[in-house]
Amino acid sequence: MNDLFVIIDATNHGSFSHLTRHRVPGAMPYAAKFRLIDFTLSNCKNSKIFNVAIFPYGNYRSLSDQIGSGSRWDLNRRRDGIFILPPKVISSTFDNEVSFQRMYEHIEYFNRSSQEYAIVTPANLIMNYDYNLLLNDHIDAKVDISAVIAEDNERLKTYIIKKSKLLEFINHYDQIQFRNLTDVFDFSTSLIKQTIKINVPSFLINSAKDLFHANMQLLVKSVRDTVFNDERPIFSKETMSATTRYGKEANIKNSIVASGAIIDGEVINSVIGRKARIEKGAKVVNSVIMNHGLVEEGAFVQYSILDKETKVLKDSQVLGDVDKLFVSEKKQIVTSEKSLSILQVSAEVNPFIKTGGLADVVGANAEEYSKLGNKSQVILPLYPKIKDKYKLLLKHICDKTINFANEDYKAALYSLSNTNTVYYFIETYQFFERDKLYGYEDDGLRFAFFALAVIEFLESLEAYPSIIHIHDWHASLIPLLLKEKGIDIKTLLTIHNIEYQGKFNNDLINVLNLQNSYSFIRPNYINFLETGIHLADKLSTVSETYKDELSYEFYSKNLVEAINRRSRDFYGILNGIDKEINPKNDLEIKMPYDLVNVFKAKDVNKLDLQERLGLTIDKDKFVIGMVTRIVEQKGFDIIIPSMEEVLKNQEIQFVILGTGDEKYLQDIQDLAKKYPDQVSANLTYDATNPNYIYAGADLFLMPSRYEPCGLGQMIALKYGTVPLVRQTGGLNDTVEHFDLSSKRGNGFKFYNFDSRDLVFQIKHAFAIYMESSPDWKQLIINAMNSRFTIRDSAQKYIELYEKIIQNQ
Amino acid sequence: MKKIISMILVGGKGTRLGDITNDKAKPAVSYGGKYRLIDFTLSNLSNSNIDVCGIITQYEPQELINYIGNGSSWDLDYVDGGIRFLTPFLKKDNVLWQKGTGHAVKQFFDFIKNYQAEYVLILPGDHIYKMDYLPMLKEMEKVNSDITIASKKLSEDINRFGIIETDENNFVKSFKEKPNNPTSNLVSMGIYIFKTKVLEELLFTQEDMYDFGNDIIPQALKNNKKILNYEFKSYWRDVGTIESLYNANMDLLNDNNFLELNSSKNLPVFSRSLNLEPHVILNNGDAKNCVIADGCQIDGEINHSVIAYKVIVKKGSSIKDSCILSNVIINENVKLEKTIVNENVILPKNYVSENEKITLITENNLYEVGEINE
């Protein structure tokens, strides 16, 4: 009777912060007692569909836990039933939508399914709807593919298509330019398409914020009555809990409470999960508390999502706000921010010395920690450049003779305070009195000594640290040396770029004169970063996606095993960018701007850019900008051939600023020769501020092969220059692909490291720019509204420090 | 071959529960907001790892059968056993209505024989308690008794039960069903373990063995069977009357950790999920000192009460010291005190029923026990 089978797309990672550390989005708790996937599965049952396949990513245990045999949805059938189809090729896991390639891996399933039509729908969609209505609509309209959109035009990533048609795409996945059905729907010219707008509330959940919003919407009667109705009940795994209990002092308004919860405090506008407990005198406002959460006496929680088993200790204040929710991790113990004593150790720190992004992160966080009420200290080597510039400000603290490699070295400690942050510098003539920071034969010795000296000077610091935050390989021996010396201070190691590891030969091992033996220190070499990875209390890197990527050998190479061994202690925290980076206060650009005058200013700045660089002056040209190191990592192997192709269109101009590998520089110069009016190649180390490019370009290109966090795309967003990036690392976490239907998204993303896909996206962006000016303007607004602040980033680090100190 | 199988006797109409059991068997009666009485017995079986359970039903079994289904909610769905409903059937030319608990077991003795079990556990289906039956069996095996009776020391209401007297070795020396002048405060819980062959002998060699308390146990004593007393020391309540149903609900309400119902350890109590959304407390709602089940919408004030699933309480209403059973709609400005409101009852606006003594409100007596207060 039913001619439909359902493909549930559970490949989307979303951006859920801590919430997806232990589960996939489909298994996310919702509405106090359900999981997101319950809605899709219940729709199947209520539509009498009994052939369902789920395509999950990575760790889908939480999902199979929830689904079991599928009997709750009558999906444990002799004929058909429910099938979980995991990825066969483990490396390709960062798609945001199930690809035809993934489907091809399970082509037998498609061949075996006897139904004529397929619905492809995400696991993280809250919607209570009869799929047969969608099918009827699709058949009546006599179209090839239907896309379902929400009342507010948001795309629900739900498609209806004939199986035979779908099979054509699947079977030819390697010959077509479409990766998935969204591509097909957006770009195919040969299919007849329609959108179906559904008239019930629906929520596609891609982030913690979406989840919060969807929970809060349940407090609206009309939404609640459609999401939950008697005709189409939502089925869920059976659990065991007592009836909800309210105590004598309970005070509850406008809230949803699941069974097993015990409420003895005040609850307003909140959703309280199974067996959660709100104690006497505690207050919970505008929050989502998941199963087994505990808010102890006198605590106050607002605008928060507390994951399962989170415990908010007595009298603590957990204060999120509308724009920035507080999101806890499963089993986290939350206390009011106590003041911590933090020591950061890094080889470079802005504003004193800087060769890359590392210095910015350390410096900015250090200042922010102080502002948040912590004791913030930083320690780095004293290079001659710093000494020259800050001579008058440096205060001599003490001298020490340090025995290292059987010799005595004299080391001096200097300090410099900026309001409440204290910077320490270690001076040692033999090791740091050099022009460059790195690149010497004895770098191993130099930074081994640095690590040792940091530990020797611990007692001399203004405040003894409760946590030492180590950055990159230069300081990575600290956990080892602490252990050797029996000093108990907790450590966090942040990996800014795993390519730099500090590998040295066995001479250095002898120098260290270790008392204990360690399996990861091989007889013939020592790897600083690996040592840190094994021994630091916790690890982090600079974006969630890069953290996930590092569990694959493709990204973490020789360290994949070490990383995976520590996966439960490994976190991703996105860098923020400085508030000072703002086109409104930028005096280097022709016309400073903010959201009010951006469209006018963009034109003015574009003309200025074209004039400065000698391009054809025309405000309607589409200017693609790049400010970058010109190296393989940044994607030049696909940029060069793509540009060859794209620049055939004379409406497109290409501006690049940077320097790097000779090979690519030559290629770029050739391009510039070939298209002199369209290309401006500025291939020197240019000390002038590159902001006129950020201000004047339309599109900012950053198709990196890998990118731990990335700064350029964040600056571009601030400047309303739409980023086009590859879906990797921090690029993936900061750029959301623009959706023509809902008008959400702040840029363009593509997945395959392949010039065909890059060209495709550039042409797509160009088409929107030329043909759909309102959409392009919306993109610029969305871009400028993106938020990546240093405070957000610093607060996440502080939460992590607290977790480490509490041994969680 | 099973070592032990169980038979639950659902029995007849619980007349003393009035209209509450009009359309359902007693074990299907709602309790504590989200439970039915049968949940306790089924959960006990599940926690005792007893995997065969015959449920003998006669009176209005449909709701109970629907509720229990295949027993999967209690993990009692087994390939080689599980739950079987044993309902009256036609034999030759007359329907075999059961004449008592013993008679019912006799009728379905083929079911027991089929499993060739060594022991049969006989259970009532309408008591509130948490018990692992295996230690009882173990005691029995230790002394090699023929029958074991679970008992409980009570201080009141004693003459509603069978009264047990024991000898110094804890064997039953006398058993009197509902005597006028009880000689002991040890009452039978109606839970028996029989050696199968002893039960067969008692049922089939003697005529008119209709009832366990009145006929079978006294006969067994007469035949010098060894009957062990097994005293149960935790919470137990037989919900036979409106008052005892109310009191049992208040027991749950007044003890924050009643029977550890919220714990998944230590003999958890399961119930069937009804796929309801969690309840919502609206802007005018207030909930103090109460329990509320899923699917409710509360916009009135609830104080010291038990609210079962899918109850709607509208603005201005106040409910005190009451048990509201499922699917009840309470319209605006209703005042209730010391009531049990039966399932599916709709209370009109401004309805008032405030009582000193516990009062059952049903569709039929709505205006006898309360009035519209304009």
# chains A, B, ... in the order shown; residues from 1 in each chain; ligands from 1
$ closest_atom_pairs --of "region 67-172 of chain B" --to "region 225-249 of chain B" --cutoff "9 Å" --atoms "only C-alpha atoms" --output "Markdown table"
| residue | atom | partner | partner_atom | distance |
| --- | --- | --- | --- | --- |
| B:Asp126 | CA | B:Val239 | CA | 6.7 |
| B:His127 | CA | B:Asp238 | CA | 4.7 |
| B:Ile128 | CA | B:Arg237 | CA | 5.1 |
| B:Tyr129 | CA | B:Trp236 | CA | 4.6 |
| B:Lys130 | CA | B:Tyr235 | CA | 7.5 |
| B:Met131 | CA | B:Phe232 | CA | 8.3 |
| B:Met136 | CA | B:Tyr230 | CA | 6.6 |
| B:Glu139 | CA | B:Tyr230 | CA | 8.0 |
| B:Met140 | CA | B:Leu228 | CA | 6.9 |
| B:Val143 | CA | B:Leu228 | CA | 8.3 |
| B:Asn144 | CA | B:Lys226 | CA | 8.1 |
| B:Ser145 | CA | B:Lys226 | CA | 4.9 |
| B:Asp146 | CA | B:Lys226 | CA | 5.2 |
| B:Ile147 | CA | B:Ile227 | CA | 4.7 |
| B:Thr148 | CA | B:Leu228 | CA | 4.5 |
| B:Ile149 | CA | B:Asn229 | CA | 5.2 |
| B:Ala150 | CA | B:Tyr230 | CA | 4.7 |
| B:Ser151 | CA | B:Glu231 | CA | 4.7 |
| B:Lys152 | CA | B:Phe232 | CA | 5.4 |
| B:Lys153 | CA | B:Glu231 | CA | 7.8 |
| B:Ile164 | CA | B:Asn229 | CA | 8.3 |
| B:Glu165 | CA | B:Asn229 | CA | 8.9 |
| B:Thr166 | CA | B:Asn229 | CA | 7.2 |
| B:Asn169 | CA | B:Leu228 | CA | 8.7 |
| B:Asn170 | CA | B:Asn229 | CA | 5.7 |
| B:Phe171 | CA | B:Leu228 | CA | 4.5 |
| B:Val172 | CA | B:Ile227 | CA | 5.4 |
$ select_by_dssp --residues "region 121-252 of chain B" --states "strand (DSSP E)" --output "compact mmCIF listing (two decimals) with C-alpha atoms, in the first residue's frame"
# COMPACT_ATOMS: atom_id res chain seq x y z
CA LEU B 121 4.18 -19.31 42.09
CA ILE B 122 0.64 -18.05 42.64
CA LEU B 123 0.27 -14.26 42.72
CA PRO B 124 -2.45 -11.69 43.11
CA HIS B 127 -0.89 -5.41 45.44
CA ILE B 128 1.68 -2.67 45.86
CA TYR B 129 5.07 -4.01 46.98
CA ILE B 147 4.00 -24.99 50.10
CA THR B 148 5.27 -21.56 51.14
CA ILE B 149 3.02 -18.64 52.02
CA ALA B 150 4.28 -15.06 52.02
CA SER B 151 2.97 -13.16 55.00
CA LYS B 152 3.08 -9.74 56.54
CA LYS B 153 2.55 -8.45 60.05
CA GLY B 162 -6.22 -14.87 55.89
CA ILE B 163 -4.63 -15.19 59.33
CA ILE B 164 -1.59 -17.38 59.86
CA GLU B 165 -0.34 -19.00 63.03
CA THR B 166 3.09 -20.62 62.98
CA VAL B 172 2.15 -22.82 59.37
CA LYS B 173 0.10 -24.41 62.09
CA SER B 174 -3.26 -22.82 61.32
CA PHE B 175 -4.77 -20.74 58.56
CA LYS B 176 -8.14 -18.97 58.86
CA GLU B 177 -9.58 -16.89 56.03
CA LEU B 186 0.34 -12.26 60.65
CA VAL B 187 -1.70 -12.13 57.46
CA SER B 188 -1.36 -13.99 54.19
CA MET B 189 -0.32 -11.84 51.23
CA GLY B 190 -2.01 -14.29 48.89
CA ILE B 191 1.38 -15.21 47.45
CA TYR B 192 2.07 -18.95 47.40
CA ILE B 193 4.73 -21.21 46.02
CA PHE B 194 3.57 -24.79 45.53
CA LYS B 195 5.47 -27.83 44.53
CA ILE B 227 3.68 -25.25 54.75
CA LEU B 228 6.45 -22.75 55.35
CA ASN B 229 5.73 -19.20 56.46
CA TYR B 230 7.83 -16.54 54.70
CA GLU B 231 7.51 -13.22 56.40
CA TRP B 236 3.02 -3.91 51.14
CA ARG B 237 -0.50 -2.79 50.50
CA ASP B 238 -3.54 -4.61 49.21
$ residues_around --residues "region 171-176 of chain A" --least-positions-apart "2" --cutoff "7 Å" --atoms "only C-alpha atoms" --output "list in words"
Phe100, Gln101, Tyr104, Leu167, Glu168, Phe169 and Phe178 of chain A
$ atom_distance --atom1 "CA of Thr158 (chain A)" --atom2 "CA of Ser114 (chain A)"
20.6 Å
$ select_by_dssp --residues "region 70-205 of chain B" --states "helix (DSSP H, G or I)" --output "JSON, numbers by chain"
{"B": [72, 73, 74, 101, 102, 103, 104, 105, 106, 107, 109, 110, 111, 112, 113, 114, 134, 135, 136, 137, 138, 139, 140, 141, 142, 143, 158, 159, 160, 196, 197, 198, 199, 200, 201, 202, 203, 204, 205]}
$ write_last_selection --atoms "C-alpha atoms" --output "PDB file, in the first residue's frame"
ATOM      1  CA  SER B  72       8.096  -6.238  26.677  1.00  0.00           C
ATOM      2  CA  SER B  73       7.780  -3.182  28.907  1.00  0.00           C
ATOM      3  CA  TRP B  74       8.694  -5.414  31.838  1.00  0.00           C
ATOM      4  CA  THR B 101      -8.957 -18.601  42.462  1.00  0.00           C
ATOM      5  CA  GLY B 102      -8.208 -22.292  42.887  1.00  0.00           C
ATOM      6  CA  HIS B 103     -10.763 -23.309  40.356  1.00  0.00           C
ATOM      7  CA  ALA B 104      -9.191 -20.915  37.871  1.00  0.00           C
ATOM      8  CA  VAL B 105      -5.771 -22.498  38.306  1.00  0.00           C
ATOM      9  CA  LYS B 106      -7.292 -25.934  37.992  1.00  0.00           C
ATOM     10  CA  GLN B 107      -8.844 -25.021  34.664  1.00  0.00           C
ATOM     11  CA  PHE B 109      -3.463 -26.704  34.819  1.00  0.00           C
ATOM     12  CA  ASP B 110      -2.458 -27.926  31.357  1.00  0.00           C
ATOM     13  CA  PHE B 111      -0.601 -24.667  30.958  1.00  0.00           C
ATOM     14  CA  ILE B 112       1.437 -25.435  34.077  1.00  0.00           C
ATOM     15  CA  LYS B 113       2.054 -29.052  33.101  1.00  0.00           C
ATOM     16  CA  ASN B 114       3.198 -27.975  29.687  1.00  0.00           C
ATOM     17  CA  LEU B 134      13.671 -16.155  44.542  1.00  0.00           C
ATOM     18  CA  PRO B 135      14.829 -15.878  48.191  1.00  0.00           C
ATOM     19  CA  MET B 136      11.375 -17.201  49.131  1.00  0.00           C
ATOM     20  CA  LEU B 137      11.931 -20.169  46.860  1.00  0.00           C
ATOM     21  CA  LYS B 138      15.374 -20.671  48.315  1.00  0.00           C
ATOM     22  CA  GLU B 139      14.028 -20.806  51.877  1.00  0.00           C
ATOM     23  CA  MET B 140      11.477 -23.312  50.701  1.00  0.00           C
ATOM     24  CA  GLU B 141      14.073 -25.563  49.115  1.00  0.00           C
ATOM     25  CA  LYS B 142      16.219 -25.360  52.236  1.00  0.00           C
ATOM     26  CA  VAL B 143      13.538 -26.931  54.416  1.00  0.00           C
ATOM     27  CA  ILE B 158      -6.500  -7.554  59.849  1.00  0.00           C
ATOM     28  CA  ASN B 159      -9.804  -9.306  59.325  1.00  0.00           C
ATOM     29  CA  ARG B 160      -9.775  -8.575  55.580  1.00  0.00           C
ATOM     30  CA  THR B 196       3.661 -28.531  41.295  1.00  0.00           C
ATOM     31  CA  LYS B 197       2.842 -32.112  42.171  1.00  0.00           C
ATOM     32  CA  VAL B 198       1.432 -31.052  45.562  1.00  0.00           C
ATOM     33  CA  LEU B 199      -0.784 -28.470  43.902  1.00  0.00           C
ATOM     34  CA  GLU B 200      -1.976 -31.037  41.379  1.00  0.00           C
ATOM     35  CA  GLU B 201      -2.746 -33.498  44.106  1.00  0.00           C
ATOM     36  CA  LEU B 202      -4.745 -30.922  46.085  1.00  0.00           C
ATOM     37  CA  LEU B 203      -6.678 -29.666  43.083  1.00  0.00           C
ATOM     38  CA  PHE B 204      -7.504 -32.962  41.450  1.00  0.00           C
ATOM     39  CA  THR B 205      -7.977 -35.487  44.250  1.00  0.00           C
TER      40      THR B 205
END
$ closest_residue --among "B:Ile38, B:Ile20, B:Ile50, B:Met250" --to "Asn364 (chain B)" --atoms "only C-alpha atoms"
B:Ile20
$ closest_atom_pairs --of "chain A" --to "chain B" --cutoff "8 Å" --atoms "only C-alpha atoms" --output "CSV"
residue,atom,partner,partner_atom,distance
A:Ala31,CA,B:Pro278,CA,7.6
A:Ala32,CA,B:Pro278,CA,6.9
A:Lys33,CA,B:Pro278,CA,7.0
A:Phe228,CA,B:Glu277,CA,6.7
A:Pro233,CA,B:Asn275,CA,6.4
A:Ile234,CA,B:Asn275,CA,6.2
A:Phe235,CA,B:Asn275,CA,5.3
A:Ser236,CA,B:Asn275,CA,6.8
A:Glu238,CA,B:Ser273,CA,6.0
A:Thr239,CA,B:Ser273,CA,7.7
A:Met240,CA,B:Phe270,CA,5.9
A:Ser241,CA,B:Asn262,CA,4.9
A:Ala242,CA,B:Asn262,CA,4.8
A:Thr243,CA,B:Ala293,CA,5.3
A:Thr244,CA,B:Val291,CA,5.3
A:Arg245,CA,B:Val291,CA,4.3
A:Tyr246,CA,B:Asn289,CA,5.0
A:Gly247,CA,B:Asn289,CA,4.3
A:Lys248,CA,B:Asn289,CA,4.5
A:Glu249,CA,B:Lys288,CA,6.6
A:Ala250,CA,B:Lys288,CA,5.5
A:Asn251,CA,B:Asp286,CA,6.6
A:Ile252,CA,B:Asp286,CA,6.1
A:Lys253,CA,B:Asn283,CA,5.1
A:Asn254,CA,B:Leu282,CA,4.2
A:Ser255,CA,B:Ile281,CA,5.3
A:Ile256,CA,B:Val280,CA,4.3
A:Val257,CA,B:Pro278,CA,5.7
A:Ala258,CA,B:Pro278,CA,4.7
A:Ser259,CA,B:Ala293,CA,6.6
A:Gly260,CA,B:Asn262,CA,5.9
A:Lys275,CA,B:Asn262,CA,7.4
$ atom_distance --atom1 "CA of Ile358 (chain B)" --atom2 "CA of Val341 (chain B)"
10.7 Å
$ residues_around --residues "Thr728 (chain A)" --least-positions-apart "2" --cutoff "8 Å" --atoms "only C-alpha atoms" --output "number ranges by chain"
A: 94, 545-546, 704-707, 726, 730-732, 751
$ write_last_selection --atoms "N, CA and C atoms" --output "PDB file, in the first residue's frame"
ATOM      1  N   PHE A  94      33.385  14.212   6.723  1.00  0.00           N
ATOM      2  CA  PHE A  94      33.042  15.572   7.088  1.00  0.00           C
ATOM      3  C   PHE A  94      32.008  16.223   6.191  1.00  0.00           C
ATOM      4  N   THR A 545      36.336  21.103  14.405  1.00  0.00           N
ATOM      5  CA  THR A 545      36.499  20.248  13.229  1.00  0.00           C
ATOM      6  C   THR A 545      37.937  19.751  13.109  1.00  0.00           C
ATOM      7  N   TYR A 546      38.899  20.632  13.402  1.00  0.00           N
ATOM      8  CA  TYR A 546      40.295  20.184  13.338  1.00  0.00           C
ATOM      9  C   TYR A 546      40.530  19.085  14.371  1.00  0.00           C
ATOM     10  N   SER A 704      41.888  26.055   1.814  1.00  0.00           N
ATOM     11  CA  SER A 704      43.034  25.340   2.375  1.00  0.00           C
ATOM     12  C   SER A 704      42.847  23.822   2.333  1.00  0.00           C
ATOM     13  N   ARG A 705      43.979  23.143   2.209  1.00  0.00           N
ATOM     14  CA  ARG A 705      43.921  21.679   2.296  1.00  0.00           C
ATOM     15  C   ARG A 705      43.621  21.291   3.735  1.00  0.00           C
ATOM     16  N   TYR A 706      44.290  21.954   4.656  1.00  0.00           N
ATOM     17  CA  TYR A 706      43.884  21.838   6.053  1.00  0.00           C
ATOM     18  C   TYR A 706      44.080  23.191   6.709  1.00  0.00           C
ATOM     19  N   GLU A 707      43.364  23.444   7.771  1.00  0.00           N
ATOM     20  CA  GLU A 707      43.412  24.754   8.407  1.00  0.00           C
ATOM     21  C   GLU A 707      42.967  24.604   9.856  1.00  0.00           C
ATOM     22  N   ARG A 726      37.266  25.851   1.890  1.00  0.00           N
ATOM     23  CA  ARG A 726      37.062  24.410   1.877  1.00  0.00           C
ATOM     24  C   ARG A 726      36.571  24.000   3.267  1.00  0.00           C
ATOM     25  N   GLY A 730      39.009  24.948  11.156  1.00  0.00           N
ATOM     26  CA  GLY A 730      38.299  26.129  11.622  1.00  0.00           C
ATOM     27  C   GLY A 730      37.475  26.780  10.529  1.00  0.00           C
ATOM     28  N   LEU A 731      37.822  26.547   9.269  1.00  0.00           N
ATOM     29  CA  LEU A 731      37.025  27.111   8.174  1.00  0.00           C
ATOM     30  C   LEU A 731      35.614  26.549   8.231  1.00  0.00           C
ATOM     31  N   ASN A 732      35.546  25.259   8.505  1.00  0.00           N
ATOM     32  CA  ASN A 732      34.242  24.615   8.604  1.00  0.00           C
ATOM     33  C   ASN A 732      33.427  25.152   9.779  1.00  0.00           C
ATOM     34  N   TYR A 751      33.617  20.679  -0.340  1.00  0.00           N
ATOM     35  CA  TYR A 751      34.237  19.627   0.444  1.00  0.00           C
ATOM     36  C   TYR A 751      35.471  19.005  -0.218  1.00  0.00           C
TER      37      TYR A 751
END
$ atom_distance --atom1 "CA of Asp315 (chain A)" --atom2 "CA of Ser339 (chain A)"
16.0 Å
$ residues_around --residues "Gly614 (chain A)" --least-positions-apart "6" --cutoff "12 Å" --atoms "only C-alpha atoms" --output "PyMOL selection string"
chain A and resi 606-608+653-655+672+676-682
$ write_last_selection --atoms "C-alpha atoms" --output "PDB file, in the first residue's frame"
ATOM      1  CA  LYS A 606      36.586  48.367  -4.358  1.00  0.00           C
ATOM      2  CA  LEU A 607      37.312  51.275  -6.705  1.00  0.00           C
ATOM      3  CA  ASP A 608      40.176  52.281  -4.416  1.00  0.00           C
ATOM      4  CA  GLN A 653      39.222  39.999 -10.982  1.00  0.00           C
ATOM      5  CA  PHE A 654      41.735  38.306  -8.719  1.00  0.00           C
ATOM      6  CA  VAL A 655      43.875  40.053  -6.111  1.00  0.00           C
ATOM      7  CA  ALA A 672      49.056  37.877 -14.004  1.00  0.00           C
ATOM      8  CA  PRO A 676      46.951  41.706 -16.810  1.00  0.00           C
ATOM      9  CA  ASP A 677      43.702  43.654 -16.380  1.00  0.00           C
ATOM     10  CA  GLN A 678      42.157  41.047 -14.147  1.00  0.00           C
ATOM     11  CA  VAL A 679      44.956  39.846 -11.872  1.00  0.00           C
ATOM     12  CA  SER A 680      47.024  41.728  -9.337  1.00  0.00           C
ATOM     13  CA  ALA A 681      49.841  39.666  -7.849  1.00  0.00           C
ATOM     14  CA  ASN A 682      51.578  41.260  -4.888  1.00  0.00           C
TER      15      ASN A 682
END
$ residues_around --residues "Tyr675 (chain A)" --least-positions-apart "4" --cutoff "12 Å" --atoms "only C-alpha atoms" --output "short mmCIF file (atom, residue, chain, number, x, y, z; two decimals) with C-alpha atoms, in the first residue's frame"
data_model
loop_
_atom_site.label_atom_id
_atom_site.label_comp_id
_atom_site.auth_asym_id
_atom_site.auth_seq_id
_atom_site.Cartn_x
_atom_site.Cartn_y
_atom_site.Cartn_z
CA LEU A 615 43.13 46.75 -12.37
CA THR A 616 40.26 47.74 -14.62
CA MET A 643 41.86 30.55 -11.61
CA GLU A 644 42.94 29.61 -15.11
CA GLU A 645 39.39 28.55 -15.68
CA VAL A 646 37.54 31.24 -13.76
CA LEU A 647 39.42 34.20 -15.21
CA LYS A 648 38.17 33.39 -18.68
CA ASN A 649 35.21 35.35 -17.43
CA GLN A 650 36.29 38.97 -17.80
CA GLU A 651 33.90 40.15 -15.13
CA ILE A 652 36.09 38.50 -12.52
CA GLN A 653 39.22 40.00 -10.98
CA PHE A 654 41.74 38.31 -8.72
CA VAL A 655 43.88 40.05 -6.11
CA ILE A 668 50.73 33.31 -10.12
CA GLN A 669 53.03 35.58 -12.07
CA ASP A 670 52.14 33.63 -15.20
CA LEU A 671 48.48 34.18 -14.45
CA VAL A 679 44.96 39.85 -11.87
CA SER A 680 47.02 41.73 -9.34
CA ALA A 681 49.84 39.67 -7.85
#
$ residues_around --residues "Trp776 (chain A)" --least-positions-apart "3" --cutoff "12 Å" --atoms "only C-alpha atoms" --output "PyMOL selection string"
chain A and resi 599+622+698-699+720-722+738-740+743-748+764-773+779-783
$ closest_residue --among "A:Ala405, A:Phe352, A:Lys162, A:Arg568" --to "Tyr390 (chain A)" --atoms "only C-alpha atoms"
A:Phe352
